[in-house]
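See below for the structure under consideration.
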Amino acid sequence: MQLLKEKVLNEGIVLSNQVLKVDSFLNHQMDPVLMKEVGKEFKRLFADQSIDRVLTIESSGIAPGIMTALELEVPLIFARKQKSLTLREDIFVEKVYSFTKQETNEITVSRKFIQPGERVLIVDDFLANGEAAFGLARIVEQAGAEVAGIGIVIEKAFQPGGRLLKEAGYRVESLVRVAALDNGMVTFAE
Ligand code: 5GP
């Protein structure tokens with residue numbers, strides 16, 4: 001997605017050869033015009049899928065998630081992150097190791113918001129090792145629902161998440177794929 005590539009080039013800050021900061025349009029300040037285009041693009045990419053709900057994870061997935069859900073005219077659910085949890089029967093729980101915070105969180109979704117047989121599109125802001133996306137997919141599967149696809153705004157293609165998700169049989173569509181973050185510079189794949 002050309003508009004997103006330009007935004008990453010002009011405003012992305014390379015924090016290390018592993019981490020890209022995009023707090024001017026996605027992770028702190030959010031660009032609603034760009035997010036609207038992100039929603040349209042995910043709708044176009046998954047046009048061949050029937051989708052009942054969009055699922056993301058708080059907080060940075062919510063902006064691309066809600067715009068995608070708006071385009072598809074389906075509800076958005078965001079998984080909540082919690083440090084530790086007393087056992088409850090009304091929620092789905094999965095453990096997810098956070099790449100940026102380097103800690104394990106439990107992510108939860110209320111059972112009432114995903115029904116068996118539904119087709120769920122997972123959306124997230126970044127893809128690194130695939131921990132967040134796999135955790136969300138496990139929640140969908142716990143519910144007896146099906147993952148219709150995984151839409152990622154920025155995939156860091158030098159990390160294994162994209163490959164692992166595809167090997168596990170998921171369809172992954174990334175709007176931009178970053179090949180490297182070396183010497184303070186962003187290089188795109190293909
Ligand atoms: P994964 O779970 O695939 O290892 O990492 C993806 C999650 O970590 C995303 O939800 C995102 O919030 C965060 N993340 C991973 N890499 C980056 C990065 O380079 N920049 C930012 N801003 N967030 C990242």
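For the structure tokens, the naming scheme is as follows: chains receive sequential letters (A, B, ...) according to their order of presentation, residues are indexed from 1 within each chain, and ligands are indexed from 1 in presentation order.
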Could you pull the residues within 10 Å of Lys7 of chain A, counting only C-alpha atoms, minus those fewer than 5 positions along the same chain, as JSON, numbers by chain?
{"A": [2, 12, 22, 24, 25, 34]}
Residues of the last selection are to be written out with C-alpha atoms, as a PDB file, in the first residue's frame.
```pdb
ATOM      1  CA  GLN A   2       1.812   3.031  -1.359  1.00  0.00           C
ATOM      2  CA  GLY A  12       8.728   6.033  10.974  1.00  0.00           C
ATOM      3  CA  VAL A  22       5.219   4.846  14.244  1.00  0.00           C
ATOM      4  CA  SER A  24       2.757   9.844  14.721  1.00  0.00           C
ATOM      5  CA  PHE A  25       0.088   7.923  12.799  1.00  0.00           C
ATOM      6  CA  LEU A  34      -4.862   6.765   6.600  1.00  0.00           C
TER       7      LEU A  34
END
```
Residues at most 10 Å from Phe158 of chain A, counting only C-alpha atoms, excluding those fewer than 3 positions away in the same chain, as number ranges by chain?
A: 18, 128-129, 155, 161-163, 177-181, 189
Selection export as an mmCIF file, in the first residue's frame, atoms kept: all heavy atoms:
```cif
data_model
loop_
_atom_site.group_PDB
_atom_site.id
_atom_site.type_symbol
_atom_site.label_atom_id
_atom_site.label_comp_id
_atom_site.auth_asym_id
_atom_site.auth_seq_id
_atom_site.Cartn_x
_atom_site.Cartn_y
_atom_site.Cartn_z
ATOM 1 N N GLN A 18 15.393 -4.017 15.217
ATOM 2 C CA GLN A 18 14.225 -4.880 15.449
ATOM 3 C C GLN A 18 12.915 -4.098 15.568
ATOM 4 O O GLN A 18 11.854 -4.658 15.346
ATOM 5 C CB GLN A 18 14.410 -5.660 16.773
ATOM 6 C CG GLN A 18 15.636 -6.535 16.823
ATOM 7 C CD GLN A 18 15.444 -7.833 16.070
ATOM 8 O OE1 GLN A 18 14.493 -8.553 16.291
ATOM 9 N NE2 GLN A 18 16.348 -8.126 15.148
ATOM 10 N N ALA A 128 5.439 -9.423 14.229
ATOM 11 C CA ALA A 128 6.871 -9.680 14.481
ATOM 12 C C ALA A 128 7.072 -11.192 14.544
ATOM 13 O O ALA A 128 7.321 -11.844 13.534
ATOM 14 C CB ALA A 128 7.307 -8.976 15.764
ATOM 15 N N ASN A 129 6.891 -11.771 15.746
ATOM 16 C CA ASN A 129 7.053 -13.226 15.883
ATOM 17 C C ASN A 129 5.741 -13.990 15.753
ATOM 18 O O ASN A 129 5.729 -15.214 15.764
ATOM 19 C CB ASN A 129 7.710 -13.541 17.231
ATOM 20 C CG ASN A 129 9.130 -12.993 17.279
ATOM 21 O OD1 ASN A 129 9.845 -13.034 16.277
ATOM 22 N ND2 ASN A 129 9.519 -12.455 18.414
ATOM 23 N N GLU A 155 4.108 -5.615 8.534
ATOM 24 C CA GLU A 155 4.789 -6.887 8.841
ATOM 25 C C GLU A 155 6.288 -6.660 8.772
ATOM 26 O O GLU A 155 6.795 -6.100 7.796
ATOM 27 C CB GLU A 155 4.394 -7.963 7.810
ATOM 28 C CG GLU A 155 5.170 -9.262 8.021
ATOM 29 C CD GLU A 155 4.844 -10.362 6.999
ATOM 30 O OE1 GLU A 155 3.846 -10.212 6.248
ATOM 31 O OE2 GLU A 155 5.603 -11.345 6.954
ATOM 32 N N GLY A 161 7.119 -14.324 12.210
ATOM 33 C CA GLY A 161 5.672 -14.442 12.397
ATOM 34 C C GLY A 161 4.888 -14.774 11.127
ATOM 35 O O GLY A 161 4.049 -15.679 11.120
ATOM 36 N N GLY A 162 5.173 -14.050 10.051
ATOM 37 C CA GLY A 162 4.422 -14.250 8.795
ATOM 38 C C GLY A 162 4.576 -15.675 8.281
ATOM 39 O O GLY A 162 3.598 -16.341 7.924
ATOM 40 N N ARG A 163 5.825 -16.152 8.282
ATOM 41 C CA ARG A 163 6.093 -17.511 7.790
ATOM 42 C C ARG A 163 5.402 -18.553 8.677
ATOM 43 O O ARG A 163 4.748 -19.476 8.186
ATOM 44 C CB ARG A 163 7.612 -17.747 7.761
ATOM 45 C CG ARG A 163 8.024 -19.145 7.344
ATOM 46 C CD ARG A 163 9.541 -19.318 7.299
ATOM 47 N NE ARG A 163 10.230 -19.011 8.545
ATOM 48 C CZ ARG A 163 10.281 -19.812 9.612
ATOM 49 N NH1 ARG A 163 9.659 -20.984 9.586
ATOM 50 N NH2 ARG A 163 10.930 -19.451 10.708
ATOM 51 N N ARG A 177 5.405 -4.660 3.941
ATOM 52 C CA ARG A 177 6.326 -5.661 4.497
ATOM 53 C C ARG A 177 7.702 -5.025 4.569
ATOM 54 O O ARG A 177 8.256 -4.603 3.548
ATOM 55 C CB ARG A 177 6.345 -6.924 3.624
ATOM 56 C CG ARG A 177 4.965 -7.583 3.543
ATOM 57 C CD ARG A 177 4.974 -8.881 2.752
ATOM 58 N NE ARG A 177 5.609 -9.955 3.489
ATOM 59 C CZ ARG A 177 6.650 -10.656 3.075
ATOM 60 N NH1 ARG A 177 7.204 -10.383 1.906
ATOM 61 N NH2 ARG A 177 7.154 -11.614 3.805
ATOM 62 N N VAL A 178 8.220 -4.932 5.777
ATOM 63 C CA VAL A 178 9.535 -4.335 5.996
ATOM 64 C C VAL A 178 10.580 -5.451 5.937
ATOM 65 O O VAL A 178 10.482 -6.436 6.662
ATOM 66 C CB VAL A 178 9.565 -3.614 7.369
ATOM 67 C CG1 VAL A 178 10.982 -3.173 7.714
ATOM 68 C CG2 VAL A 178 8.609 -2.434 7.369
ATOM 69 N N ALA A 179 11.563 -5.270 5.047
ATOM 70 C CA ALA A 179 12.595 -6.304 4.875
ATOM 71 C C ALA A 179 13.708 -6.152 5.895
ATOM 72 O O ALA A 179 14.304 -7.136 6.326
ATOM 73 C CB ALA A 179 13.175 -6.228 3.461
ATOM 74 N N ALA A 180 14.009 -4.907 6.271
ATOM 75 C CA ALA A 180 15.097 -4.686 7.232
ATOM 76 C C ALA A 180 14.983 -3.303 7.854
ATOM 77 O O ALA A 180 14.379 -2.384 7.284
ATOM 78 C CB ALA A 180 16.443 -4.824 6.518
ATOM 79 N N LEU A 181 15.571 -3.188 9.050
ATOM 80 C CA LEU A 181 15.632 -1.891 9.743
ATOM 81 C C LEU A 181 17.106 -1.600 10.067
ATOM 82 O O LEU A 181 17.434 -1.221 11.175
ATOM 83 C CB LEU A 181 14.805 -1.947 11.037
ATOM 84 C CG LEU A 181 13.290 -2.119 10.911
ATOM 85 C CD1 LEU A 181 12.653 -2.347 12.292
ATOM 86 C CD2 LEU A 181 12.653 -0.903 10.253
ATOM 87 N N ALA A 189 10.227 -5.013 1.639
ATOM 88 C CA ALA A 189 10.354 -6.262 0.880
ATOM 89 C C ALA A 189 9.599 -6.067 -0.436
ATOM 90 O O ALA A 189 8.598 -5.383 -0.454
ATOM 91 C CB ALA A 189 9.734 -7.411 1.682
#
```
How would you write, as JSON, numbers by chain, the set of residues no farther than 6 Å from ligand 1 when counting only C-alpha atoms and all ligand atoms?
{"A": [19, 20, 21, 22, 98, 99, 100, 124, 125, 126, 127, 128, 129, 130, 131, 132, 161]}
Mind writing the picked residues with all heavy atoms as a short mmCIF file (atom, residue, chain, number, x, y, z; two decimals), in the first residue's frame?
```cif
data_model
loop_
_atom_site.label_atom_id
_atom_site.label_comp_id
_atom_site.auth_asym_id
_atom_site.auth_seq_id
_atom_site.Cartn_x
_atom_site.Cartn_y
_atom_site.Cartn_z
N VAL A 19 13.00 -2.84 15.97
CA VAL A 19 11.78 -2.11 16.35
C VAL A 19 11.61 -0.80 15.58
O VAL A 19 12.52 0.02 15.50
CB VAL A 19 11.76 -1.81 17.88
CG1 VAL A 19 10.49 -1.06 18.27
CG2 VAL A 19 11.85 -3.10 18.69
N LEU A 20 10.41 -0.67 15.04
CA LEU A 20 10.04 0.54 14.30
C LEU A 20 8.98 1.29 15.10
O LEU A 20 7.99 0.70 15.54
CB LEU A 20 9.46 0.12 12.94
CG LEU A 20 8.93 1.21 12.04
CD1 LEU A 20 10.05 2.15 11.59
CD2 LEU A 20 8.23 0.60 10.82
N LYS A 21 9.21 2.60 15.27
CA LYS A 21 8.24 3.40 16.02
C LYS A 21 7.41 4.20 15.03
O LYS A 21 7.95 4.90 14.17
CB LYS A 21 9.02 4.34 16.96
CG LYS A 21 8.17 5.16 17.88
CD LYS A 21 9.07 5.88 18.90
CE LYS A 21 8.26 6.82 19.76
NZ LYS A 21 9.09 7.50 20.76
N VAL A 22 6.11 4.09 15.15
CA VAL A 22 5.22 4.85 14.24
C VAL A 22 4.16 5.56 15.09
O VAL A 22 2.97 5.43 14.84
CB VAL A 22 4.58 3.94 13.16
CG1 VAL A 22 5.59 3.50 12.13
CG2 VAL A 22 3.89 2.73 13.77
N SER A 98 4.60 -10.59 24.85
CA SER A 98 4.65 -9.30 24.14
C SER A 98 6.07 -9.01 23.66
O SER A 98 7.00 -8.95 24.47
CB SER A 98 4.17 -8.19 25.06
OG SER A 98 4.56 -6.94 24.52
N PHE A 99 6.20 -8.81 22.34
CA PHE A 99 7.49 -8.52 21.74
C PHE A 99 8.05 -7.20 22.25
O PHE A 99 9.23 -7.08 22.58
CB PHE A 99 7.34 -8.47 20.21
CG PHE A 99 8.58 -8.06 19.50
CD1 PHE A 99 9.60 -8.98 19.29
CD2 PHE A 99 8.76 -6.76 19.06
CE1 PHE A 99 10.76 -8.61 18.64
CE2 PHE A 99 9.92 -6.38 18.40
CZ PHE A 99 10.92 -7.31 18.20
N THR A 100 7.20 -6.18 22.34
CA THR A 100 7.69 -4.85 22.71
C THR A 100 7.90 -4.71 24.22
O THR A 100 8.83 -4.06 24.67
CB THR A 100 6.73 -3.75 22.21
OG1 THR A 100 5.39 -4.18 22.42
CG2 THR A 100 6.94 -3.46 20.74
N ASP A 124 -4.19 -6.69 13.10
CA ASP A 124 -3.28 -6.10 14.10
C ASP A 124 -2.37 -5.08 13.43
O ASP A 124 -2.23 -5.06 12.21
CB ASP A 124 -2.47 -7.19 14.83
CG ASP A 124 -1.98 -6.71 16.21
OD1 ASP A 124 -2.38 -5.62 16.67
OD2 ASP A 124 -1.17 -7.43 16.84
N ASP A 125 -1.76 -4.25 14.27
CA ASP A 125 -0.92 -3.17 13.73
C ASP A 125 0.42 -3.69 13.20
O ASP A 125 0.85 -3.32 12.12
CB ASP A 125 -0.70 -2.06 14.77
CG ASP A 125 -0.01 -2.55 16.05
OD1 ASP A 125 -0.04 -3.77 16.35
OD2 ASP A 125 0.58 -1.70 16.77
N PHE A 126 1.09 -4.57 13.99
CA PHE A 126 2.41 -5.08 13.61
C PHE A 126 2.41 -6.60 13.66
O PHE A 126 1.70 -7.20 14.46
CB PHE A 126 3.48 -4.59 14.60
CG PHE A 126 4.11 -3.27 14.24
CD1 PHE A 126 3.58 -2.07 14.69
CD2 PHE A 126 5.24 -3.24 13.44
CE1 PHE A 126 4.16 -0.86 14.36
CE2 PHE A 126 5.84 -2.04 13.10
CZ PHE A 126 5.30 -0.85 13.56
N LEU A 127 3.26 -7.18 12.85
CA LEU A 127 3.53 -8.62 12.96
C LEU A 127 5.04 -8.79 13.12
O LEU A 127 5.82 -8.33 12.27
CB LEU A 127 3.03 -9.34 11.70
CG LEU A 127 3.29 -10.85 11.61
CD1 LEU A 127 2.68 -11.60 12.78
CD2 LEU A 127 2.73 -11.40 10.29
N ALA A 128 5.44 -9.42 14.23
CA ALA A 128 6.87 -9.68 14.48
C ALA A 128 7.07 -11.19 14.54
O ALA A 128 7.32 -11.84 13.53
CB ALA A 128 7.31 -8.98 15.76
N ASN A 129 6.89 -11.77 15.75
CA ASN A 129 7.05 -13.23 15.88
C ASN A 129 5.74 -13.99 15.75
O ASN A 129 5.73 -15.21 15.76
CB ASN A 129 7.71 -13.54 17.23
CG ASN A 129 9.13 -12.99 17.28
OD1 ASN A 129 9.85 -13.03 16.28
ND2 ASN A 129 9.52 -12.46 18.41
N GLY A 130 4.66 -13.24 15.69
CA GLY A 130 3.36 -13.89 15.49
C GLY A 130 2.64 -14.27 16.77
O GLY A 130 1.57 -14.86 16.74
N GLU A 131 3.22 -13.89 17.91
CA GLU A 131 2.62 -14.27 19.21
C GLU A 131 1.19 -13.75 19.35
O GLU A 131 0.28 -14.49 19.73
CB GLU A 131 3.47 -13.69 20.34
CG GLU A 131 4.74 -14.46 20.58
CD GLU A 131 4.50 -15.65 21.50
OE1 GLU A 131 3.64 -15.57 22.38
OE2 GLU A 131 5.18 -16.67 21.32
N ALA A 132 1.00 -12.47 19.06
CA ALA A 132 -0.34 -11.86 19.23
C ALA A 132 -1.34 -12.51 18.28
O ALA A 132 -2.43 -12.91 18.69
CB ALA A 132 -0.26 -10.35 18.99
N GLY A 161 7.12 -14.32 12.21
CA GLY A 161 5.67 -14.44 12.40
C GLY A 161 4.89 -14.77 11.13
O GLY A 161 4.05 -15.68 11.12
#
```
To one decimal place in Å, what is the distance between atom CA of Tyr170 of chain A and atom CA of Val8 of chain A?
25.9 Å
List the spatial neighbours of Phe92 of chain A as number ranges by chain - criterion: any atom at most 8 Å away, only C-alpha atoms, same-chain residues fewer than 5 positions off excluded.
A: 108-111, 139, 142-143
I'd like the neighbourhood of Lys40 of chain A as a PyMOL selection string, where a residue qualifies if any of its atoms comes within 9 Å (using only C-alpha atoms), though same-chain residues fewer than 6 positions away should be ignored.
chain A and resi 67-68+71-72
As a ChimeraX atom specification, please: every residue in segment 3-159 of chain A that DSSP puts in strand (DSSP E or B).
/A:13-14,20-21,53-57,76-82,91-98,103-110,119-127,146-156
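Each of A:Ile107, A:Val96, A:Arg53, A:Leu70 was compared to Ala145 of chain A using only C-alpha atoms, and A:Arg53 turns out to be the nearest.
The space separating atom CA of Ser59 of chain A from atom CA of Lys166 of chain A comes to 24.7 Å.
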Within 7 Å of Val123 of chain A, counting only C-alpha atoms, which residues show up once you throw out same-chain ones fewer than 6 positions away? Write them as a ChimeraX atom specification, please.
/A:54-56,61,65,150-152
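Shortest separation to Ile154 of chain A among A:Gln29, A:Ser174, A:Asn17, A:Ser60 occurs at residue A:Ser174, atoms counted being only C-alpha atoms.
Minimum distance to Glu94 of chain A across A:Pro64, A:Gly135, A:Gly169, A:Gly149 (counting only C-alpha atoms) occurs at A:Gly135.
For the pair atom CA of Thr86 of chain A and atom CA of Val120 of chain A, the interatomic distance is 26.8 Å.
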